[in-house]
Amino acid sequence: MLTIERGSVMNFDNAIRGARNPMNSWSRSDSYYKEDGTFVFGPNDLDLARRLARAGSDHRKYLRMIFVSVDVTAPLYWWKEYDTYKVATVANSTSTMHKIAAKPFELDDFSHDHMTPGTLKVLEGVVEELEKIRLKYVESKQKEDWYDMIQLLPSSYNQMRTLTFNYETLINIYASRRHHKLAEWHTFCDWIESLPYAEDLITFILSERKEQN
């Protein structure tokens, strides 16, 4: 399970202005903002943005100036894979270390949407045991009880992080993870496809790689 909330994309205008710096072609810029604050690429700017994006990472530096911020809730096993992407990413997570005992453990604190019934029953037992330990820790404040929670915690435990990255990073993620076996990556890549101008500036990378192969 993976959920995505409170996403925002910023800095299109400054990015495309910077993309025009090498040729001093600012006068050809034709992008604008709608009254509701939505950025719209004009035909000239979109043509340039698409051409530079397809010319390779050396030419599409402007994509590193298009910033994305979003809240993602996902299981620890997915975050372990996401943490591969350390370049041009920042994350602030809810703290397992500090707040693990702050609320009762519930089944929906864990990703179990693909579990078979037998395995789900095992997880239910683990959640019950974690809650017993949590209550014991709340009363005792003993470190061994805290360690019992931390070390028993399954990798299906869901954690929320606020992320920032840029369109260049999303190109790399999309190309590497679009066909991954984990359903969570499919959800994340579906979200990437929904971003403004994603087809023009991000997701084209998969079709280009297929053509090269």
# chains A, B, ... in the order shown; residues from 1 in each chain; ligands from 1
>>> residues_around(residues="A:Glu5", least_positions_apart="5", cutoff="12 Å", atoms="only C-alpha atoms", output="list of chain:residue names")
A:Ser69, A:Val70, A:Asp71, A:Val72, A:Thr73, A:Ala74, A:Met160, A:Arg161, A:Thr162, A:Leu163, A:Phe188, A:Trp191
>>> write_last_selection(atoms="N, CA and C atoms", output="PDB file, in the first residue's frame")
ATOM      1  N   SER A  69       7.180  18.681  -4.127  1.00  0.00           N
ATOM      2  CA  SER A  69       7.057  18.337  -2.717  1.00  0.00           C
ATOM      3  C   SER A  69       5.787  17.515  -2.535  1.00  0.00           C
ATOM      4  N   VAL A  70       5.864  16.465  -1.696  1.00  0.00           N
ATOM      5  CA  VAL A  70       4.722  15.571  -1.548  1.00  0.00           C
ATOM      6  C   VAL A  70       4.856  14.767  -0.263  1.00  0.00           C
ATOM      7  N   ASP A  71       3.725  14.378   0.311  1.00  0.00           N
ATOM      8  CA  ASP A  71       3.705  13.468   1.451  1.00  0.00           C
ATOM      9  C   ASP A  71       3.389  12.063   0.962  1.00  0.00           C
ATOM     10  N   VAL A  72       4.249  11.110   1.294  1.00  0.00           N
ATOM     11  CA  VAL A  72       4.064   9.717   0.886  1.00  0.00           C
ATOM     12  C   VAL A  72       4.010   8.846   2.134  1.00  0.00           C
ATOM     13  N   THR A  73       2.989   7.995   2.218  1.00  0.00           N
ATOM     14  CA  THR A  73       2.894   6.988   3.269  1.00  0.00           C
ATOM     15  C   THR A  73       3.078   5.622   2.623  1.00  0.00           C
ATOM     16  N   ALA A  74       4.072   4.879   3.102  1.00  0.00           N
ATOM     17  CA  ALA A  74       4.416   3.606   2.474  1.00  0.00           C
ATOM     18  C   ALA A  74       5.059   2.686   3.517  1.00  0.00           C
ATOM     19  N   MET A 160       5.080   7.722   7.145  1.00  0.00           N
ATOM     20  CA  MET A 160       4.851   8.888   6.281  1.00  0.00           C
ATOM     21  C   MET A 160       6.108   9.750   6.243  1.00  0.00           C
ATOM     22  N   ARG A 161       6.476  10.182   5.035  1.00  0.00           N
ATOM     23  CA  ARG A 161       7.587  11.107   4.868  1.00  0.00           C
ATOM     24  C   ARG A 161       7.160  12.240   3.931  1.00  0.00           C
ATOM     25  N   THR A 162       7.635  13.431   4.242  1.00  0.00           N
ATOM     26  CA  THR A 162       7.493  14.555   3.322  1.00  0.00           C
ATOM     27  C   THR A 162       8.750  14.604   2.462  1.00  0.00           C
ATOM     28  N   LEU A 163       8.554  14.515   1.152  1.00  0.00           N
ATOM     29  CA  LEU A 163       9.665  14.399   0.211  1.00  0.00           C
ATOM     30  C   LEU A 163       9.775  15.646  -0.652  1.00  0.00           C
ATOM     31  N   PHE A 188       3.339   4.796  -7.346  1.00  0.00           N
ATOM     32  CA  PHE A 188       4.184   5.980  -7.373  1.00  0.00           C
ATOM     33  C   PHE A 188       4.397   6.461  -8.809  1.00  0.00           C
ATOM     34  N   TRP A 191       1.451   8.201 -10.192  1.00  0.00           N
ATOM     35  CA  TRP A 191       1.416   9.584  -9.711  1.00  0.00           C
ATOM     36  C   TRP A 191       2.366  10.461 -10.519  1.00  0.00           C
TER      37      TRP A 191
END
>>> residues_around(residues="A:Pro43", least_positions_apart="5", cutoff="12 Å", atoms="only C-alpha atoms", output="VMD selection string")
chain A and resid 28 to 32 48 to 50
>>> write_last_selection(atoms="N, CA and C atoms", output="PDB file, in the first residue's frame")
ATOM      1  N   ARG A  28      11.817  35.077 -26.808  1.00  0.00           N
ATOM      2  CA  ARG A  28      10.940  34.075 -27.422  1.00  0.00           C
ATOM      3  C   ARG A  28      10.056  33.374 -26.391  1.00  0.00           C
ATOM      4  N   SER A  29      10.281  33.663 -25.126  1.00  0.00           N
ATOM      5  CA  SER A  29       9.499  33.012 -24.075  1.00  0.00           C
ATOM      6  C   SER A  29       8.032  33.426 -24.159  1.00  0.00           C
ATOM      7  N   ASP A  30       7.125  32.449 -24.055  1.00  0.00           N
ATOM      8  CA  ASP A  30       5.698  32.742 -24.203  1.00  0.00           C
ATOM      9  C   ASP A  30       4.834  32.022 -23.171  1.00  0.00           C
ATOM     10  N   SER A  31       5.436  31.603 -22.071  1.00  0.00           N
ATOM     11  CA  SER A  31       4.674  30.935 -21.022  1.00  0.00           C
ATOM     12  C   SER A  31       4.001  31.965 -20.116  1.00  0.00           C
ATOM     13  N   TYR A  32       3.024  31.496 -19.340  1.00  0.00           N
ATOM     14  CA  TYR A  32       2.270  32.425 -18.491  1.00  0.00           C
ATOM     15  C   TYR A  32       1.579  31.661 -17.368  1.00  0.00           C
ATOM     16  N   LEU A  48      11.048  24.089 -26.749  1.00  0.00           N
ATOM     17  CA  LEU A  48      12.416  24.103 -26.227  1.00  0.00           C
ATOM     18  C   LEU A  48      12.572  23.119 -25.075  1.00  0.00           C
ATOM     19  N   ALA A  49      11.612  23.123 -24.144  1.00  0.00           N
ATOM     20  CA  ALA A  49      11.690  22.237 -22.984  1.00  0.00           C
ATOM     21  C   ALA A  49      11.731  20.769 -23.407  1.00  0.00           C
ATOM     22  N   ARG A  50      10.918  20.408 -24.394  1.00  0.00           N
ATOM     23  CA  ARG A  50      10.883  19.018 -24.860  1.00  0.00           C
ATOM     24  C   ARG A  50      12.192  18.641 -25.545  1.00  0.00           C
TER      25      ARG A  50
END
>>> residues_around(residues="A:Leu130", least_positions_apart="4", cutoff="8 Å", atoms="only C-alpha atoms", output="list of chain:residue names")
A:Phe105, A:Val126, A:Arg134, A:Met149, A:Leu152, A:Leu153
>>> select_by_dssp(residues="stretch 8-87 of chain A", states="strand (DSSP E)", output="VMD selection string")
chain A and resid 8 to 10 32 to 33 39 to 40 67 to 75
>>> closest_residue(among="A:Asp200, A:Glu129, A:Asp145, A:Asp113", to="A:Phe41", atoms="only C-alpha atoms")
A:Asp200
>>> closest_residue(among="A:Ala91, A:Asp47, A:Met23, A:Phe110", to="A:Asn158", atoms="only C-alpha atoms")
A:Phe110
>>> atom_distance(atom1="atom CA of A:Trp26", atom2="atom CA of A:Asp13")
11.6 Å
>>> closest_atom_pairs(of="stretch 113-187 of chain A", to="stretch 87-90 of chain A", cutoff="12 Å", atoms="only C-alpha atoms", output="tab-separated table")
residue	atom	partner	partner_atom	distance
A:Arg161	CA	A:Val90	CA	9.7
A:Thr162	CA	A:Val90	CA	8.2
A:Leu163	CA	A:Val90	CA	5.7
A:Thr164	CA	A:Val90	CA	5.2
A:Phe165	CA	A:Thr89	CA	4.6
A:Asn166	CA	A:Ala88	CA	7.0
A:Tyr167	CA	A:Ala88	CA	9.9
A:Glu168	CA	A:Ala88	CA	8.8
A:Thr169	CA	A:Ala88	CA	6.8
A:Leu170	CA	A:Thr89	CA	10.0
A:Asn172	CA	A:Val87	CA	10.5
A:Ile173	CA	A:Val87	CA	11.3
>>> write_last_selection(atoms="C-alpha atoms", output="short mmCIF file (atom, residue, chain, number, x, y, z; two decimals), in the first residue's frame")
data_model
loop_
_atom_site.label_atom_id
_atom_site.label_comp_id
_atom_site.auth_asym_id
_atom_site.auth_seq_id
_atom_site.Cartn_x
_atom_site.Cartn_y
_atom_site.Cartn_z
CA ARG A 161 7.59 11.11 4.87
CA THR A 162 7.49 14.55 3.32
CA LEU A 163 9.67 14.40 0.21
CA THR A 164 11.21 16.92 -2.13
CA PHE A 165 12.89 16.15 -5.43
CA ASN A 166 13.05 17.51 -8.97
CA TYR A 167 11.94 16.44 -12.43
CA GLU A 168 15.38 15.08 -13.34
CA THR A 169 15.29 12.75 -10.34
CA LEU A 170 11.79 11.64 -11.33
CA ASN A 172 15.53 8.30 -13.16
CA ILE A 173 12.93 6.88 -10.78
#
>>> closest_residue(among="A:Ala101, A:Val68, A:Met115, A:Ala175", to="A:Leu135", atoms="only C-alpha atoms")
A:Ala101
>>> closest_residue(among="A:Trp78, A:Gln159, A:Val127, A:Arg64", to="A:Ser93", atoms="only C-alpha atoms")
A:Gln159
>>> closest_residue(among="A:Met65, A:Ile171, A:Val40, A:Ile192", to="A:Ile4", atoms="only C-alpha atoms")
A:Ile192
>>> closest_residue(among="A:Asp58, A:Leu63, A:Glu131, A:Lys34", to="A:Ile16", atoms="only C-alpha atoms")
A:Leu63
>>> select_by_dssp(residues="chain A", states="alpha helix (DSSP H)", output="ChimeraX atom specification")
/A:12-19,43-54,76-82,96-99,117-140,143-152,167-177,183-193,198-201,204-212
>>> write_last_selection(atoms="C-alpha atoms", output="short mmCIF file (atom, residue, chain, number, x, y, z; two decimals), in the first residue's frame")
data_model
loop_
_atom_site.label_atom_id
_atom_site.label_comp_id
_atom_site.auth_asym_id
_atom_site.auth_seq_id
_atom_site.Cartn_x
_atom_site.Cartn_y
_atom_site.Cartn_z
CA PHE A 12 8.50 26.15 -13.92
CA ASP A 13 8.86 29.83 -14.81
CA ASN A 14 12.37 30.24 -13.42
CA ALA A 15 13.46 26.90 -14.87
CA ILE A 16 12.47 27.72 -18.44
CA ARG A 17 13.96 31.21 -18.17
CA GLY A 18 17.25 29.59 -17.15
CA ALA A 19 16.98 27.17 -20.05
CA PRO A 43 4.30 26.75 -27.67
CA ASN A 44 7.83 28.17 -27.98
CA ASP A 45 8.84 27.32 -24.43
CA LEU A 46 7.30 23.84 -24.55
CA ASP A 47 9.11 23.06 -27.79
CA LEU A 48 12.42 24.10 -26.23
CA ALA A 49 11.69 22.24 -22.98
CA ARG A 50 10.88 19.02 -24.86
CA ARG A 51 13.94 19.22 -27.10
CA LEU A 52 16.31 19.85 -24.21
CA ALA A 53 14.75 17.07 -22.14
CA ARG A 54 15.42 14.58 -24.94
CA LEU A 76 9.24 0.25 5.46
CA TYR A 77 10.11 -2.35 2.81
CA TRP A 78 9.29 0.21 0.10
CA TRP A 79 11.21 2.99 1.83
CA LYS A 80 14.26 0.74 1.87
CA GLU A 81 14.17 0.72 -1.92
CA TYR A 82 13.30 4.40 -2.24
CA THR A 96 9.62 5.45 14.61
CA MET A 97 12.36 5.91 17.20
CA HIS A 98 10.61 8.71 19.11
CA LYS A 99 6.89 8.14 18.49
CA PRO A 117 -5.57 -15.04 4.67
CA GLY A 118 -3.19 -17.29 6.59
CA THR A 119 -0.42 -14.71 6.64
CA LEU A 120 -2.88 -12.00 7.60
CA LYS A 121 -3.76 -13.96 10.72
CA VAL A 122 -0.06 -14.09 11.62
CA LEU A 123 0.17 -10.32 11.21
CA GLU A 124 -2.91 -9.84 13.38
CA GLY A 125 -1.16 -11.81 16.12
CA VAL A 126 1.99 -9.68 15.76
CA VAL A 127 -0.06 -6.48 15.99
CA GLU A 128 -1.75 -7.76 19.16
CA GLU A 129 1.62 -8.60 20.68
CA LEU A 130 3.05 -5.20 19.72
CA GLU A 131 0.12 -3.49 21.43
CA LYS A 132 0.69 -5.50 24.60
CA ILE A 133 4.36 -4.49 24.58
CA ARG A 134 3.45 -0.86 23.86
CA LEU A 135 1.13 -0.72 26.86
CA LYS A 136 3.83 -2.27 29.00
CA TYR A 137 6.36 0.29 27.77
CA VAL A 138 4.00 3.22 28.35
CA GLU A 139 3.73 2.14 31.98
CA SER A 140 7.31 0.99 32.58
CA LYS A 143 14.34 0.28 27.38
CA GLU A 144 13.98 -3.47 26.88
CA ASP A 145 10.25 -3.00 26.20
CA TRP A 146 11.06 -0.27 23.68
CA TYR A 147 13.57 -2.58 21.98
CA ASP A 148 10.95 -5.33 21.86
CA MET A 149 8.69 -3.03 19.84
CA ILE A 150 11.43 -1.81 17.51
CA GLN A 151 12.86 -5.24 16.77
CA LEU A 152 9.50 -6.98 16.41
CA TYR A 167 11.94 16.44 -12.43
CA GLU A 168 15.38 15.08 -13.34
CA THR A 169 15.29 12.75 -10.34
CA LEU A 170 11.79 11.64 -11.33
CA ILE A 171 13.06 10.71 -14.79
CA ASN A 172 15.53 8.30 -13.16
CA ILE A 173 12.93 6.88 -10.78
CA TYR A 174 10.33 6.41 -13.51
CA ALA A 175 12.74 4.71 -15.91
CA SER A 176 14.02 2.33 -13.24
CA ARG A 177 10.82 1.47 -11.38
CA ALA A 183 2.74 -2.64 -6.58
CA GLU A 184 3.79 0.40 -4.54
CA TRP A 185 6.18 1.44 -7.32
CA HIS A 186 3.34 1.24 -9.84
CA THR A 187 1.26 3.56 -7.66
CA PHE A 188 4.18 5.98 -7.37
CA CYS A 189 4.85 5.92 -11.13
CA ASP A 190 1.16 6.45 -11.84
CA TRP A 191 1.42 9.58 -9.71
CA ILE A 192 4.50 10.72 -11.65
CA GLU A 193 2.46 10.38 -14.85
CA ALA A 198 5.02 14.67 -17.24
CA GLU A 199 4.53 13.19 -20.71
CA ASP A 200 6.67 15.93 -22.23
CA LEU A 201 9.41 16.13 -19.59
CA PHE A 204 9.19 10.00 -22.48
CA ILE A 205 12.35 8.34 -21.17
CA LEU A 206 10.86 4.84 -21.22
CA SER A 207 9.80 4.93 -24.88
CA GLU A 208 13.22 6.33 -25.84
CA ARG A 209 15.01 3.52 -24.04
CA LYS A 210 12.83 0.94 -25.77
CA GLU A 211 13.71 2.46 -29.14
CA GLN A 212 17.43 2.33 -28.30
#
